[in-house]
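Asks: This structure is in structure tokens; I'll ask about it shortly.
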Amino acid sequence: MRRAIKKGTVLIASAVLLTGCGEEMAPLTESEEAIVIQYSAGTLAKHNSYQQEGMTALYPQEEEEQEEEQEPEEKKEEKKTESEEKKKKEETDSKDKKEEDKEKDTTQTEEAGQLTLSEALAVSGVEFSYKDYSVSSSYKQGEYFSLDAAAGNTFLIMNVNITNTGSQAVDCDLLTKQPIFTLKLNQGAGVKNEVTILSNDLSTYVGKLEPGQTDAAVLLFEVPEKTAESISSVQLSVQMNQKTSQIKL
């Protein structure tokens with residue numbers, strides 16, 4: 001646009017210099033030519049509604065385009081970075097929410113699937129109730145039986161009561177059922193129970209219980225000493241007849 005204005009100015013000045021009443025115009029000095037050109041430029045600018053500052057003014061549209069082009073590159077990069085960070089945060093929040101919901105559903109499913117020890121072992125007329133546990137590097141029974149844990153390990157001894165809740169004597173035979181117990185401490189790896197020749201080993205218990213009679217039984221698990229030093233959670237499961245059940249303690 002500025003180029004067009006300049007061209008127009010030159011053309012007007014030329015017209016002024018070349019036109020006349022058929023008579024040859026007197027030659028002008030350089031200073032006189034400058035005055036004529038300046039006058040012509042002023043006249044053109046006067047009739048140009050967009051012209052504001054002589055030959056260098058810009059039209060409004062040109063000013064807007066120039067301002068957009070002059071937007072700092074750093075600001076553009078900053079906007080781009082903020083947009084990317086916002087997108088990443090939204091994706092992370094969505095992922096965390098899905099994981100949280102998944103863990104919640106898993107926990108609820110496990111709790112809903114838990115059975116009591118009596119329900120899992122399923123001996124009619126007999127109740128199996130978890131009492132407590134203790135930790136020891138060895139287990140002894142009377143004068144004739146002693147079992148020591150391996151170096152770096154210790155025993156977690158789980159105590160269980162076996163009670164005849166009926167009005168008649170009941171034969172309780174867990175040896176033929178062959179239950180396999182698994183213990184998890186602090187949400188760690190599972191450890192299977194030690195199978196012993198003890199008469200009160202719950203996994204191999206065989207006995208006749210009179211009405212109201214209660215026998216004490218044990219389950220032995222050999223676990224790392226470091227794990228047993230600080231126990232925050234205890235989980236027990238039993239596998240029997242190709243079915244695994246989580247036990248509610």
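We name chains A, B, ... following the order of the structure tokens; residues begin at 1 in each chain, and ligands are numbered from 1 as shown.
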Select from segment 133-163 of chain A everything DSSP, run on the backbone, classes as strand (DSSP E or B), then give the selection as JSON, numbers by chain.
Replies: {"A": [133, 134, 135, 136, 138, 139, 140, 141, 145, 146, 147, 148, 153, 154, 155, 156, 157, 158, 159, 160, 161, 162, 163]}
Asks: Can you list, as a list in words, every protein, DNA or RNA residue that comes within 6 Å of segment 217-229 of chain A when you count only C-alpha atoms, leaving out same-chain residues fewer than 6 positions away?
Replies: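 So, after excluding close chain neighbours, the residues are Gly152, Asn153, Thr154, Phe155, Leu156, Ile157, Met158, Asn159, Val160, Asn193, Glu194, Asn200, Asp201 and Leu202 of chain A.
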Asks: Check the smallest atom-to-atom distance from each of A:Leu209, A:Ala189, A:Leu115, A:Ile231 to Ile247 of chain A using only C-alpha atoms, then report the winner.
Replies: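 Of A:Leu209, A:Ala189, A:Leu115, A:Ile231, the one nearest Ile247 of chain A is A:Leu115, counting only C-alpha atoms.
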Asks: Take atom CA of Leu198 of chain A and atom CA of Ala151 of chain A and report the distance between them in Å, one decimal.
Replies: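 About the pair atom CA of Leu198 of chain A and atom CA of Ala151 of chain A: they are 22.5 Å apart.
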Asks: Which polymer residues have any atom within 12 Å of an atom of Gln242 of chain A, counting only C-alpha atoms, with same-chain residues fewer than 2 positions away left out, as a PyMOL selection string?
Replies: chain A and resi 177-180+238-240+244-245
